[in-house]
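Undergrad: I have a structure I would like to understand better, so I am pasting it below and will then ask my questions one at a time.
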2 protein chains.
Amino acid sequence: MSAMKIIIVGLGLIGGSIAKALKQNTPHTVLGMDTDEDSLLDACSCGAIDGKASLEDLKSADMVYLCVYPGAALDFAREHGPKLKEGAVLTDTCGIKSAICSGMEKLKGTGKYTFVGGHPMAGKERSGFSASDPSIFVGASYIIVPESAPEWAVSLVEEQAVSMGFGRIVRTDPGHHDQMIAFTSQVPHALACAYVSSPRCQDHQGFSAGSYRDVSRVANINHVLWSRLFLDNREALTSELDELVNNLKAIRDAVDSGDEAGLRELLRKAGDIKRQAG
Amino acid sequence: MSAMKIIIVGLGLIGGSIAKALKQNTPHTVLGMDTDEDSLLDACSCGAIDGKASLEDLKSADMVYLCVYPGAALDFAREHGPKLKEGAVLTDTCGIKSAICSGMEKLKGTGKYTFVGGHPMAGKERSGFSASDPSIFVGASYIIVPESAPEWAVSLVEEQAVSMGFGRIVRTDPGHHDQMIAFTSQVPHALACAYVSSPRCQDHQGFSAGSYRDVSRVANINHVLWSRLFLDNREALTSELDELVNNLKAIRDAVDSGDEAGLRELLRKAGDIKRQAG
């Protein structure tokens, strides 16, 4: 693999982790951009990046990772996309894909780069460069949304993901991505927040064990980021939340009416699904 | 600590784990009773119990742990309680306490034993003696519901819990126990079952990470046991499920109406609660 010049835009949890993973596992030169000078200094001093990327560096970059909020990712492409060289691959790491891909599609022709949508399925409850850790990627899924991107560009994003330690690469379209993510990631976050909002939560100590811990874990949420992600996936998320509420009500009504046979059947079916789906 | 004769009734996940923990950490003689001869044989051959308890053994037992379903626990006390000696402590491990304690209260006077309600807050997704493992108790909470039991009897149950490795002993009344358990344990189980019932669950592979895994984990449920536990705690559970559904709807409606400020506020409050409550 020949060494490339890669720029990471946004050195938060994901951008910082990508920088560290690329530095550890590839020969590429990794440069960083961030509006926060402290994050840049921290990233330089610990060797997560080779240095700060200048606007000149953008002109010669082979790959650019957008590791910022969806709106900022589109703003960056609008402002700096025209500087990127022909053959440069611009990719993002946003948790929603329809809004990003349609926004990027509108910018097509404003620059010579190739855009490939991406979503590394990894995270933790803390955010910021200080929480970044390339081990969160090990064995995780990297979802790629190629749309009209040519195979060589998609492969380039895939190769880096494999180098970073991702265990599974999935290709899909923006709509399917967003529908699946509403279920696998957004609903659990909404759920955790709804759950801890019970007045009983304050007194759980001594009465709780693994199931409380697991459901409530992600309630320690970055509320600005997740509000944005929820709103950018409104349709899929509201319909998935409606599905959940209906399923909860079915259990609630079976309990309330003392319908033991019906309740057993609901729980048995759920157990079967979980054992089958993993 | 002088050696006692302790009988474990029901050698499933909890009974088997208690037997193993007592054998590992105390000098007591531990005998088992189970309607399933295979579990008894397995428990004997691996040293989890010193032997099978006969009806004669019940007459001389110092402690009896009821590790069976709530209905079977009351049936056992009704049928065999009169055989227990004066000063014997009968305790249970059921996940609901109002139904058990009121049932035991009605049996008062039919035997000379002392009843102390208990609930070891530990478990796993598998059940049966083969899944039993005393390490599930280490650091967990043991809830004791003393009601009218004298201090010496409550202390005796406490001492065994400490010997088994429990990290925290909590004393409370049946109503508070059941309300807290509805929140900390029953709602997460109902939730996991409602969650995996989404049509998206079958296709989650490649699109899921930690938050899917954590919310769905306990959907691999013993549907017969949990249906009983849910129905025996109907009032507290339905009101806690109503609370959750209302909180979910608030998030859903904020997303649906594009109310970013309102959504941020809901998530911010939830994050504050989680960071404070742990």
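The way I read the labels, and the way they are meant: chains A, B, ... in the order of the structure tokens, residue 1 as the first residue of every chain, and ligand 1 as the first ligand shown, with later ones counted on from there.
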How close does each residue of range 149-255 of chain B get to range 71-77 of chain B, giving the shortest atom pair and distance in Å to one decimal for every residue with an atom at most 12 Å away, counting only C-alpha atoms, sorted by chain and residue number, as a tab-separated table?
TA:
```
residue	atom	partner	partner_atom	distance
B:Leu225	CA	B:Gly71	CA	10.7
B:Arg228	CA	B:Gly71	CA	8.9
B:Leu229	CA	B:Gly71	CA	10.2
B:Leu231	CA	B:Gly71	CA	11.8
B:Asp232	CA	B:Gly71	CA	9.8
```
Undergrad: Given a cut-off of 6 Å, which residues of chain B touch chain A, counting only C-alpha atoms, written out as a ChimeraX atom specification?
TA: /B:141,184,188,193-195,197,202,206,208,211-212,214-215,219-221,223,227,231,238,244,247-248,252,255,264,267-268,270-271,274,277
Undergrad: Can you pull out the residues contacting Gln160 in chain B? Cut-off 10 Å, using only C-alpha atoms, and skip same-chain residues under 2 positions away; I want them as a ChimeraX atom specification.
TA: /B:18,21-22,25-26,155-158,162-166
Undergrad: Could you dump the residues just selected with C-alpha atoms as a PDB file, in the first residue's frame?
TA:
```pdb
ATOM      1  CA  ILE B  18     -26.793 -20.475  46.210  1.00  0.00           C
ATOM      2  CA  ALA B  21     -21.813 -20.344  46.998  1.00  0.00           C
ATOM      3  CA  LEU B  22     -22.679 -21.769  50.428  1.00  0.00           C
ATOM      4  CA  ASN B  25     -17.780 -20.158  51.481  1.00  0.00           C
ATOM      5  CA  THR B  26     -19.354 -21.671  54.588  1.00  0.00           C
ATOM      6  CA  SER B 155     -29.432 -11.247  60.462  1.00  0.00           C
ATOM      7  CA  LEU B 156     -29.051 -14.936  59.715  1.00  0.00           C
ATOM      8  CA  VAL B 157     -30.252 -14.412  56.119  1.00  0.00           C
ATOM      9  CA  GLU B 158     -27.996 -11.366  55.831  1.00  0.00           C
ATOM     10  CA  VAL B 162     -22.527 -11.762  52.770  1.00  0.00           C
ATOM     11  CA  SER B 163     -20.851 -15.188  52.820  1.00  0.00           C
ATOM     12  CA  MET B 164     -22.132 -15.832  49.281  1.00  0.00           C
ATOM     13  CA  GLY B 165     -20.344 -12.700  48.080  1.00  0.00           C
ATOM     14  CA  PHE B 166     -23.214 -10.206  47.794  1.00  0.00           C
TER      15      PHE B 166
END
```
Undergrad: Can you pull out the residues contacting range 9-16 of chain B? Cut-off 8 Å, using only C-alpha atoms, and skip same-chain residues under 2 positions away; I want them as a PyMOL selection string.
TA: chain B and resi 7+18-20+32-35+39-40+43+48+64-68+93+123+126-133
Undergrad: Please produce an output containing C-alpha atoms for each residue in the selection, written as a PDB file, in the first residue's frame.
TA:
```
ATOM      1  CA  ILE B   7     -31.892 -27.090  52.464  1.00  0.00           C
ATOM      2  CA  ILE B  18     -26.793 -20.475  46.210  1.00  0.00           C
ATOM      3  CA  ALA B  19     -25.882 -24.101  46.909  1.00  0.00           C
ATOM      4  CA  LYS B  20     -22.473 -23.679  45.263  1.00  0.00           C
ATOM      5  CA  GLY B  32     -31.067 -30.133  47.909  1.00  0.00           C
ATOM      6  CA  MET B  33     -34.640 -30.878  46.879  1.00  0.00           C
ATOM      7  CA  ASP B  34     -35.867 -30.843  43.302  1.00  0.00           C
ATOM      8  CA  THR B  35     -38.651 -32.506  41.338  1.00  0.00           C
ATOM      9  CA  SER B  39     -30.601 -31.748  38.579  1.00  0.00           C
ATOM     10  CA  LEU B  40     -30.196 -33.442  41.959  1.00  0.00           C
ATOM     11  CA  ALA B  43     -25.666 -31.100  41.933  1.00  0.00           C
ATOM     12  CA  ALA B  48     -22.844 -28.258  44.883  1.00  0.00           C
ATOM     13  CA  VAL B  64     -34.592 -23.515  54.007  1.00  0.00           C
ATOM     14  CA  TYR B  65     -34.175 -21.506  50.774  1.00  0.00           C
ATOM     15  CA  LEU B  66     -37.178 -21.579  48.449  1.00  0.00           C
ATOM     16  CA  CYS B  67     -35.714 -21.163  44.946  1.00  0.00           C
ATOM     17  CA  VAL B  68     -38.822 -21.947  42.951  1.00  0.00           C
ATOM     18  CA  THR B  93     -35.678 -15.841  46.446  1.00  0.00           C
ATOM     19  CA  GLY B 123     -29.397 -13.680  37.127  1.00  0.00           C
ATOM     20  CA  ARG B 126     -29.795 -18.999  30.777  1.00  0.00           C
ATOM     21  CA  SER B 127     -31.693 -20.998  33.350  1.00  0.00           C
ATOM     22  CA  GLY B 128     -31.450 -24.365  35.085  1.00  0.00           C
ATOM     23  CA  PHE B 129     -28.806 -25.992  37.248  1.00  0.00           C
ATOM     24  CA  SER B 130     -26.342 -26.240  34.359  1.00  0.00           C
ATOM     25  CA  ALA B 131     -26.255 -22.411  34.213  1.00  0.00           C
ATOM     26  CA  SER B 132     -25.743 -21.978  37.977  1.00  0.00           C
ATOM     27  CA  ASP B 133     -22.629 -20.061  38.940  1.00  0.00           C
TER      28      ASP B 133
END
```
Undergrad: Please, what distance in Å, to one decimal, runs between CA of Ala88 in chain B and CA of Gly103 in chain B?
TA: 18.4 Å
Undergrad: Between CA of Ala61 in chain A and CA of Gln24 in chain A, what is the distance, to one decimal in Å?
TA: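 Straight-line distance from CA of Ala61 in chain A to CA of Gln24 in chain A works out to 19.3 Å.
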Undergrad: Once DSSP has gone over the backbone, tell me which residues of range 3-176 of chain A are in strand (DSSP E), as an NGL selection string.
TA: :A and (5-9 or 29-33 or 51-52 or 63-66 or 89-92 or 114-120 or 141-145 or 168-171)
Undergrad: Restrict the selected residues to C-alpha atoms and save them as an mmCIF file, in the first residue's frame.
TA:
```
data_model
loop_
_atom_site.group_PDB
_atom_site.id
_atom_site.type_symbol
_atom_site.label_atom_id
_atom_site.label_comp_id
_atom_site.auth_asym_id
_atom_site.auth_seq_id
_atom_site.Cartn_x
_atom_site.Cartn_y
_atom_site.Cartn_z
ATOM 1 C CA LYS A 5 -2.023 12.020 2.625
ATOM 2 C CA ILE A 6 -5.200 11.727 4.712
ATOM 3 C CA ILE A 7 -6.938 14.643 6.432
ATOM 4 C CA ILE A 8 -9.261 14.120 9.387
ATOM 5 C CA VAL A 9 -11.757 16.956 9.797
ATOM 6 C CA THR A 29 0.486 10.713 6.581
ATOM 7 C CA VAL A 30 -2.429 11.759 8.788
ATOM 8 C CA LEU A 31 -3.205 15.446 9.249
ATOM 9 C CA GLY A 32 -5.934 17.012 11.358
ATOM 10 C CA MET A 33 -8.284 19.979 11.204
ATOM 11 C CA GLY A 51 0.380 17.686 12.098
ATOM 12 C CA LYS A 52 -2.252 20.299 11.467
ATOM 13 C CA MET A 63 -8.538 11.230 1.324
ATOM 14 C CA VAL A 64 -10.561 13.464 3.635
ATOM 15 C CA TYR A 65 -12.644 12.067 6.520
ATOM 16 C CA LEU A 66 -15.460 14.332 7.708
ATOM 17 C CA VAL A 89 -11.941 10.707 -1.951
ATOM 18 C CA LEU A 90 -14.135 12.600 0.469
ATOM 19 C CA THR A 91 -15.941 10.408 2.999
ATOM 20 C CA ASP A 92 -18.008 11.081 6.114
ATOM 21 C CA THR A 114 -15.418 11.652 -5.269
ATOM 22 C CA PHE A 115 -17.773 11.317 -2.309
ATOM 23 C CA VAL A 116 -18.374 7.985 -0.557
ATOM 24 C CA GLY A 117 -20.768 7.922 2.434
ATOM 25 C CA GLY A 118 -19.613 5.983 5.477
ATOM 26 C CA HIS A 119 -20.701 5.156 9.002
ATOM 27 C CA PRO A 120 -18.325 3.435 11.413
ATOM 28 C CA SER A 141 -19.180 -2.879 11.385
ATOM 29 C CA TYR A 142 -18.273 -0.149 8.897
ATOM 30 C CA ILE A 143 -21.256 0.733 6.747
ATOM 31 C CA ILE A 144 -20.534 2.182 3.318
ATOM 32 C CA VAL A 145 -23.148 3.942 1.206
ATOM 33 C CA ARG A 168 -17.319 -6.303 8.884
ATOM 34 C CA ILE A 169 -17.911 -4.022 5.912
ATOM 35 C CA VAL A 170 -21.529 -3.588 4.823
ATOM 36 C CA ARG A 171 -22.619 -1.787 1.650
#
```
Undergrad: If you run DSSP over the backbone, which residues in range 135-249 of chain A end up alpha helix (DSSP H)? Put them as JSON, numbers by chain.
TA: {"A": [151, 152, 153, 154, 155, 156, 157, 158, 159, 160, 161, 162, 163, 164, 174, 175, 176, 177, 178, 179, 180, 181, 187, 188, 189, 190, 191, 192, 193, 194, 195, 196, 210, 211, 212, 213, 214, 215, 216, 223, 224, 225, 226, 227, 228, 229, 230, 231, 234, 235, 236, 237, 238, 239, 240, 241, 242, 243, 244, 245, 246, 247, 248, 249]}
Undergrad: When you draw a straight line from CA of Gly95 in chain A to CA of Pro27 in chain A, how long is it in Å?
TA: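 About the pair CA of Gly95 in chain A and CA of Pro27 in chain A: they are 27.7 Å apart.
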Undergrad: Using only C-alpha atoms, which residue out of A:His176, A:Arg78, A:Lys59, A:Lys23 lies closest to Glu105 in chain A?
TA: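 Between A:His176, A:Arg78, A:Lys59, A:Lys23, the residue approaching Glu105 in chain A most closely is A:Arg78.
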